[in-house]
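Only one structure is covered here, and it is reproduced in the block below.
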Amino acid sequence: MDVTTTAGQQRRQGAVAGWVAATKHALDRPLTSYYLLLGASTLLLTIGLMMVLSASSVYSYTQYDGNSYYVFFRQLTWVVLALPIAFVASRLPHRLIRGLAWPGLAVSTVLLVLTQVPGLGREVNGNTNWLALGPLTIQPSEIAKLAIILWCADLYARKERLLGDWKHTLIPVLPVTGLLTLLVIKGGDLGTALVLFAIILGMLWVVGAPARLFGGALLVVAVLALWLASTSAERLERLTNFADPFKNYEGAGWQAAHGLFAMSSGGWFGKGISASQQKWGSLPEAHTDFIFAVLGEELGLVGTLLVLALFLTIAYAGIRVATRTTDPFVRYMAAGITIWLTVQMMINVGMVLALLPVIGIPLPLVSYGGSALLPSLVALGLLVSFARSEPGAAAALKAKRRRRTAGVTANGGLSRRGK
């Protein structure tokens with residue numbers, strides 16, 4: 001009996017060791033980051049389209065003359081427009097990408113300023129952070145996220161040898177990015193301002209800013225957030241009641257409470273696609289900020305864990321790219337994009353789970369909104385480009401193309417001989 005037990009344990013241990021060795025071998029391949037980014041991004045985008053269709057159907061029907069597909073087709077249009085742009089971004093030379101740093105920062109700053117111009121700026125849900133340009137309405141703060149990362153990455157790459165001096169680490173990054181963040185706050189968008197602040201802090205951490213800076217920065221942000229919340233009765237109520245949304249169920253806790261209802265009613269495997277009950281008017285912003293709640297209700301715990309696993313896959317691939325590259329610009333850019341998408345996901349999920357106040361942050365690639373989708377896909381396109389430049393990745397891709405070409409040629413030759 002003891003011998004049998006020992007033999008069984010040895011087989012199990014051998015199987016586990018073999019699985020670990022195979023996984024390690026697969027993750028050590030040159031194209032691992034490339035395939036992980038493509039696979040996880042594609043799945044998230046597909047899930048996002050599916051959930052936007054489901055979560056927005058009731059809203060679209062009531063708001064757009066019985067057309068249940070209005071919001072979905074708008075999102076699909078943005079996807080069709082964004083994918084070619086992301087593909088182009090994945091093929092751009094890194095030198096050309098860096099050349100867009102200052103123009104991107106300038107354009108973002110101008111667009112943020114224009115949101116405060118009467119007639120151009122448009123107010124949505126109490127925030128004047130939208131810009132009306134003819135038939136197109138955009139949210140410049142979403143573009144600013146990518147612009148800040150690009151500008152900081154280019155600047156820090158140029159100052160690589162000077163970053164041991166804290167002055168070069170902070171100047172001019174803090175004044176410039178602080179100005180853009182203040183412009184976002186001016187429009188009333190506290191949620192996006194917090195994401196920008198997280199991006200800036202993350203970039204400073206990556207380049208090795210002094211540790212004491214982070215404690216002071218967090219204190220300043222906490223004081224600023226409380227002050228901004230105090231200027232709005234609704235924000236203050238959300239900030240003080242988020243931990244127990246049922247305390248003020250009919251008021252500030254309504255959205256968070258119904259988000260929890262949706263998540264808790266989904267069970268392990270959910271009620272099924274389009275079977276959500278909360279999207280029928282009880283849950284505000286079901287297809288935007290609270291789409292994760294609808295996802296939990298319809299796909300259950302398994303669906304939510306899948307989405308989180310896909311985001312963590314992108315984060316792993318982004319960190320892998322940043323740590324394996326020898327190009328400082330690629331390192332800072334990959335780290336900044338990873339910080340942006342991961343932090344925004346964490347804030348959105350924490351908001352839906354009532355772990356954080358409701359501050360109006362969409363879930364990247366999943367929530368409805370072209371202004372958020374386009375910069376996110378471009379950023380992922382850039383990450384894919386960086387993954388292609390990892391050590392050994394370019395050679396592996398060329399070898400794969402040669403094998404594919406050789407296979408096509410061989411098949412063609414066999415077909416001709418058969419004729």
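Labels for the structure tokens follow display order: chains A, B, ..., residues from 1 in each chain, ligands from 1.
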
Can you list, as a PDB file with C-alpha atoms, in the first residue's frame, every protein, DNA or RNA residue that comes within 12 Å of Thr304 in chain A when you count only C-alpha atoms, leaving out same-chain residues fewer than 4 positions away?
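Now in out.pdb:
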```
ATOM      1  CA  LEU A  44     -11.224  41.250 -24.726  1.00  0.00           C
ATOM      2  CA  ILE A  47     -16.144  40.058 -25.269  1.00  0.00           C
ATOM      3  CA  MET A  51     -21.364  42.772 -23.826  1.00  0.00           C
ATOM      4  CA  MET A 263     -22.732  40.666  -9.670  1.00  0.00           C
ATOM      5  CA  SER A 264     -24.257  38.593  -6.865  1.00  0.00           C
ATOM      6  CA  GLY A 266     -24.841  35.881 -11.681  1.00  0.00           C
ATOM      7  CA  GLY A 267     -23.615  32.908  -9.654  1.00  0.00           C
ATOM      8  CA  TRP A 268     -20.891  30.717 -11.069  1.00  0.00           C
ATOM      9  CA  PHE A 269     -21.901  30.666 -14.727  1.00  0.00           C
ATOM     10  CA  GLY A 270     -24.319  33.584 -15.017  1.00  0.00           C
ATOM     11  CA  ILE A 291     -20.583  46.974 -17.981  1.00  0.00           C
ATOM     12  CA  PHE A 292     -18.517  44.709 -15.715  1.00  0.00           C
ATOM     13  CA  ALA A 293     -21.600  44.318 -13.506  1.00  0.00           C
ATOM     14  CA  VAL A 294     -23.718  43.198 -16.481  1.00  0.00           C
ATOM     15  CA  LEU A 295     -20.914  40.856 -17.492  1.00  0.00           C
ATOM     16  CA  GLY A 296     -20.926  39.330 -14.017  1.00  0.00           C
ATOM     17  CA  GLU A 297     -24.695  38.905 -14.101  1.00  0.00           C
ATOM     18  CA  GLU A 298     -24.760  37.263 -17.528  1.00  0.00           C
ATOM     19  CA  LEU A 299     -21.476  35.309 -17.540  1.00  0.00           C
ATOM     20  CA  GLY A 300     -21.096  34.744 -13.798  1.00  0.00           C
ATOM     21  CA  LEU A 308      -9.513  39.684 -15.271  1.00  0.00           C
ATOM     22  CA  ALA A 309      -7.171  36.915 -16.445  1.00  0.00           C
ATOM     23  CA  LEU A 310      -7.022  38.490 -19.917  1.00  0.00           C
ATOM     24  CA  PHE A 311      -6.107  41.879 -18.442  1.00  0.00           C
ATOM     25  CA  VAL A 349     -13.626  46.744 -11.147  1.00  0.00           C
ATOM     26  CA  VAL A 352     -18.316  48.019  -9.522  1.00  0.00           C
ATOM     27  CA  LEU A 353     -17.520  45.917  -6.442  1.00  0.00           C
ATOM     28  CA  VAL A 366     -14.931  46.355 -22.987  1.00  0.00           C
TER      29      VAL A 366
END
```

Would you give me, as a tab-separated table, each residue of range 103-195 of chain A having an atom within 12 Å of an atom of range 205-217 of chain A, along with its shortest atom pair and that distance in Å to one decimal, using only C-alpha atoms and sorting by chain and residue number?
```
residue	atom	partner	partner_atom	distance
A:Cys152	CA	A:Val207	CA	10.3
A:Ala153	CA	A:Val207	CA	9.7
A:Leu155	CA	A:Val207	CA	11.2
A:Tyr156	CA	A:Val207	CA	7.7
A:Ala157	CA	A:Val207	CA	9.7
A:Lys159	CA	A:Val207	CA	10.4
A:Glu160	CA	A:Val207	CA	8.7
A:Arg161	CA	A:Val207	CA	11.0
A:Leu162	CA	A:Val207	CA	10.6
A:Leu163	CA	A:Val207	CA	7.1
A:Gly164	CA	A:Gly208	CA	7.9
A:Asp165	CA	A:Ala209	CA	8.9
A:Trp166	CA	A:Ala209	CA	6.4
A:Lys167	CA	A:Ala209	CA	9.5
A:His168	CA	A:Ala209	CA	9.7
A:Thr169	CA	A:Ala209	CA	6.4
A:Leu170	CA	A:Ala209	CA	7.8
A:Ile171	CA	A:Ala209	CA	11.4
A:Val173	CA	A:Ala209	CA	11.6
A:Leu174	CA	A:Ala217	CA	10.8
A:Gly178	CA	A:Ala217	CA	11.6
A:Leu194	CA	A:Ala217	CA	11.9
```

Atoms to include: C-alpha atoms. Write the selected residues as an mmCIF file, in the first residue's frame.
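Output (result_11.cif):
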```
data_model
loop_
_atom_site.group_PDB
_atom_site.id
_atom_site.type_symbol
_atom_site.label_atom_id
_atom_site.label_comp_id
_atom_site.auth_asym_id
_atom_site.auth_seq_id
_atom_site.Cartn_x
_atom_site.Cartn_y
_atom_site.Cartn_z
ATOM 1 C CA CYS A 152 7.374 60.970 -20.833
ATOM 2 C CA ALA A 153 8.899 57.875 -22.464
ATOM 3 C CA LEU A 155 11.873 62.514 -22.580
ATOM 4 C CA TYR A 156 13.203 59.932 -20.130
ATOM 5 C CA ALA A 157 14.896 57.995 -22.934
ATOM 6 C CA LYS A 159 17.737 61.838 -20.312
ATOM 7 C CA GLU A 160 18.610 58.213 -19.517
ATOM 8 C CA ARG A 161 22.083 59.026 -18.177
ATOM 9 C CA LEU A 162 20.848 61.946 -16.079
ATOM 10 C CA LEU A 163 18.037 60.195 -14.216
ATOM 11 C CA GLY A 164 20.218 59.628 -11.165
ATOM 12 C CA ASP A 165 19.612 63.295 -10.366
ATOM 13 C CA TRP A 166 16.081 63.753 -8.999
ATOM 14 C CA LYS A 167 15.803 67.156 -10.667
ATOM 15 C CA HIS A 168 16.034 65.582 -14.111
ATOM 16 C CA THR A 169 13.514 62.957 -13.013
ATOM 17 C CA LEU A 170 10.894 65.509 -11.967
ATOM 18 C CA ILE A 171 11.561 68.449 -14.300
ATOM 19 C CA VAL A 173 7.633 66.043 -16.256
ATOM 20 C CA LEU A 174 5.751 67.141 -13.129
ATOM 21 C CA GLY A 178 0.417 68.479 -13.752
ATOM 22 C CA LEU A 194 -6.839 59.990 -10.925
#
```

### Option closest in space to Gln139 in chain A, from A:Gly187, A:Ser60, A:Ser68, A:Val117 [counting only C-alpha atoms]
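The closest residue to Gln139 in chain A is A:Gly187.
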
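The residue that comes closest to Ala393 in chain A, out of A:Arg324, A:Leu38, A:Gly188, A:Pro135 and on the basis of only C-alpha atoms, is A:Arg324.
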
### Test item: residues at most 9 Å from Gln344 in chain A, only C-alpha atoms, excluding those fewer than 5 positions along its chain, as a PyMOL selection string
chain A and resi 192+195+339+349+361-364
